[in-house]
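> Below are the structure tokens for one structure; questions will follow.
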Amino acid sequence: MNILIAEPLAPAGVELFQAQAGWNTIVSNPREFAQHLAEADALLVRSAVQVDRELLAKAPRLRIVGRAGVGVDNVDLDAATAAGVLVMNTPGGNAISVAEHTLALMLAMARHIPQASASTRAGKWEKKKFMGNELRGKTLGIVGLGSIGREVVKRAQCFEMRVVAHDPYVTSHIAQDMNVELVDLPTLYSQSDYITLHVAATDETKGMLSHAAFAQMKDGVRIVNCARGELVDEQALCHALQSGKVADASLDVFSKEPVKADHPLFASENVLATPHIGGSTEEAQEIVGVRIAEQVVEYLKNGVAINAVNMPAVSPEQYRALGPYLTLAERLGNFASYISSGHPKRVRLTYFGKIAGNNTTLLRNAALAGVLSRSTEYKANLVNAMQIAGQRGWDIAEAHEKRIVHSDSIRLELETDTGITRVEGAVVMEKPRLTQVDGIFCEATLAGFLIFTKNQDVPGVIGHVGTVLGRNRINIANFSLGRREGPTGPGEPLEAVAVVSTDGLVPESVLAQLRENPAVKFARSVEFKQ
């Protein structure tokens, strides 16, 4: 067994590999490791080495890539999966380090420490100029209650801060255990004296601190970002600092790194900047180095995959048989997550037909990955979806019914603190297709861009939808309708749903126009990533 360490790893991690009988540990560096790829069974990297198709083609024996850290942006997961290579990371290994850095930045802003230090070293003694504020009694808004966000909660509460948080994928029960109030983003913005970000950069979170977001905040709010630079609209932050809306900002990350001295944000004296060092502590590097070594050893010796971030290798025949239903389960979960409201707490899956007689573990994981696909922290997939759902405190249930009608179909129920969303689908011509929403028959292909609406079944709704989309130059590719068999109450019109396929993602401004018709009770955009 050949273990190739391509980047610096904690000595204890290296020693763990060297202690394995019959294993050959090759300690190299980013410039020279490539010469050993042909013989490597395992590859250990941090962030400098790019694990792409070209590299994988040079490593025919490779079984596993171990990333000593959280992010796997430097690993082509699709290419690794196609090559049958498992990829592991070490989420949470640097959580305490980043949390401590977050609190350090908050304290530095509250007491003007960088400015006071520079002033004092310059021979000045400006006691009155640097009047500060206590953290005690202030409200801290945390966006993202993953491993780092939770460590920030613990430390902020030691400073007697009130903590509010936003995380659509954490249950209210877990939040209560942490003595944290879950709120929506507008509420968090409006109540917080400090706001700190601890989420991944996704399509939904990129630029989340925008002009509109800053407008909802308190005057004099203080911002901390130790997560991803893409989360902050830097131009909007510049404007917010100039106007006084934001009193101070502390940034460990930027949209483009490394940053130069002429960065527009550096024109403000109220910006504290550090060079992406939130997780750069000796302790954190030791932890992730040892953890990734332990995980790789466990997999190579016992076949147990811990913190895997891609699908384990399966034979082409197995994947060909499972593929369409894995896609169906994932798309149903994704669709349900888009059209539901509230904080998820339970997912129930029911399998019908021949697939009900099989082991449905992968189908369950695919469905959970779909529900979690809009998560604010980690990328969910077949391997880690169940683990992430458990961390969120969700209840997971499965049922198997070998019925004849709509054989080989899957029903997914997503229960939140505001209600239950039920979706059902089948595989038609090898493609995932929606068949029911909340018990209403409505067929549509689960692909591309969709609009889902709920409305009263009265004249003019379809025309209204067409008019609004046409006015906004949005092309309709397909239009599927369905209505409930009986009215919701005496004298009330039937409830109807519509799934409209469009050529592009329909923005919220257009959805708002759809909702201007009083008969339209609900309208959401849905996007399926290919």
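Here, A, B, ... name the chains of the structure tokens in the order displayed, residue numbers run from 1 inside each chain, and ligands are numbered from 1 in the same displayed order.
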If we count only C-alpha atoms and set the cut-off at 8 Å, which residues sit around stretch 96-110 of chain A, ignoring sequence neighbours fewer than 3 positions away in its own chain? Please answer as a PyMOL selection string.
chain A and resi 93+113-114+132-135+148-149+151-152+155-156+194+196+222+224-226+248-250+272+278-281+283-284
> Which neighbours of stretch 448-461 of chain A fall inside 7 Å, counting only C-alpha atoms, when residues of the same chain fewer than 3 positions from it are skipped, and could you give them as a PyMOL selection string?
chain A and resi 464-465+493-505+519-528
> Contacts of A:Glu401 at 9 Å or less, counting only C-alpha atoms, minus same-chain residues fewer than 3 places along, as a ChimeraX atom specification?
/A:350-354,356-357
> With distances taken over only C-alpha atoms, which residue among A:Gln391, A:Thr360, A:Asn89, A:Leu44 lies nearest A:Arg150?
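For A:Arg150, the nearest of the given residues is A:Gln391.
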> Go through stretch 209-449 of chain A and collect every residue that DSSP, computed from the backbone, puts in strand (DSSP E or B); the answer should be as a VMD selection string.
chain A and resid 209 221 to 225 232 246 to 251 271 to 273 308 344 to 352 395 to 401 409 to 416 419 to 428 431 to 437 440 to 445 449
> What residues in stretch 278-441 of chain A get the DSSP label helix (DSSP H, G or I)? Please answer as a PyMOL selection string.
chain A and resi 282-302+316-339+353-357+361-372+385-391
> Measuring atom to atom with only C-alpha atoms, identify which of A:Met429, A:Ala165, A:Leu414, A:Phe479 is nearest to A:Cys442.
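Looking only at the distances to A:Cys442, the closest residue turns out to be A:Phe479.
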> Could you tell me which of A:Gln235, A:Thr421, A:Gln176, A:Ser480 comes closest to A:Gly393 if we count only C-alpha atoms?
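Once distances to A:Gly393 are computed over only C-alpha atoms, the minimum belongs to A:Gln176.
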> Mind checking which residues fall within 6 Å of stretch 82-85 of chain A, counting only C-alpha atoms, ignoring those fewer than 2 positions away in the same chain, and posting them as a ChimeraX atom specification?
/A:63-64,79-80,313
> Based on the selection just made, write C-alpha atoms of those residues as a short mmCIF file (atom, residue, chain, number, x, y, z; two decimals), in the first residue's frame.

```
data_model
loop_
_atom_site.label_atom_id
_atom_site.label_comp_id
_atom_site.auth_asym_id
_atom_site.auth_seq_id
_atom_site.Cartn_x
_atom_site.Cartn_y
_atom_site.Cartn_z
CA ARG A 63 -8.38 4.55 -4.34
CA ILE A 64 -8.77 7.54 -2.06
CA ALA A 79 -13.80 13.23 -12.04
CA ALA A 80 -12.90 11.41 -8.84
CA ALA A 313 -17.30 3.37 -6.47
#
```
> For A:Pro91, list every protein, DNA or RNA residue within 9 Å, evaluated using only C-alpha atoms, and leave out those in the same chain fewer than 3 positions away; present the list as a ChimeraX atom specification.
/A:69-71,94-95,147,288,307,378
> Take the selection from the previous step and output its residues with C-alpha atoms, as a PDB file, in the first residue's frame.

```
ATOM      1  CA  GLY A  69      -9.215  20.483   5.740  1.00  0.00           C
ATOM      2  CA  VAL A  70     -12.837  21.336   5.010  1.00  0.00           C
ATOM      3  CA  GLY A  71     -13.119  22.757   1.501  1.00  0.00           C
ATOM      4  CA  ASN A  94     -10.631  23.999  12.455  1.00  0.00           C
ATOM      5  CA  ALA A  95     -13.969  25.028  13.970  1.00  0.00           C
ATOM      6  CA  SER A 147     -19.690  23.307  13.447  1.00  0.00           C
ATOM      7  CA  VAL A 288      -7.005  17.881  10.623  1.00  0.00           C
ATOM      8  CA  ASN A 307     -16.586  12.182   6.048  1.00  0.00           C
ATOM      9  CA  TYR A 378     -21.623  21.396   3.403  1.00  0.00           C
TER      10      TYR A 378
END
```
> Record the distance separating atom CA of A:Leu265 and atom CA of A:Gly207, expressed in Å with one decimal.
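We find that atom CA of A:Leu265 and atom CA of A:Gly207 lie 15.6 Å from each other.
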> Atom CA of A:Ile223 to atom CA of A:Val143: how many Å, to one decimal?
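Atom-to-atom, atom CA of A:Ile223 to atom CA of A:Val143, that is 11.4 Å.
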> What's around A:Val153 at 10 Å? Count only C-alpha atoms, leave out sequence neighbours fewer than 6 positions away in its own chain, and write the answer as an MDAnalysis selection string.
chainID A and resid 99 140:142 145 161:165 178:180
> Find the spatial neighbours of A:Asp41, counting only C-alpha atoms, within a cut-off of 7 Å - ignore same-chain residues fewer than 3 positions away - and output them as a ChimeraX atom specification.
/A:1-3,61-64
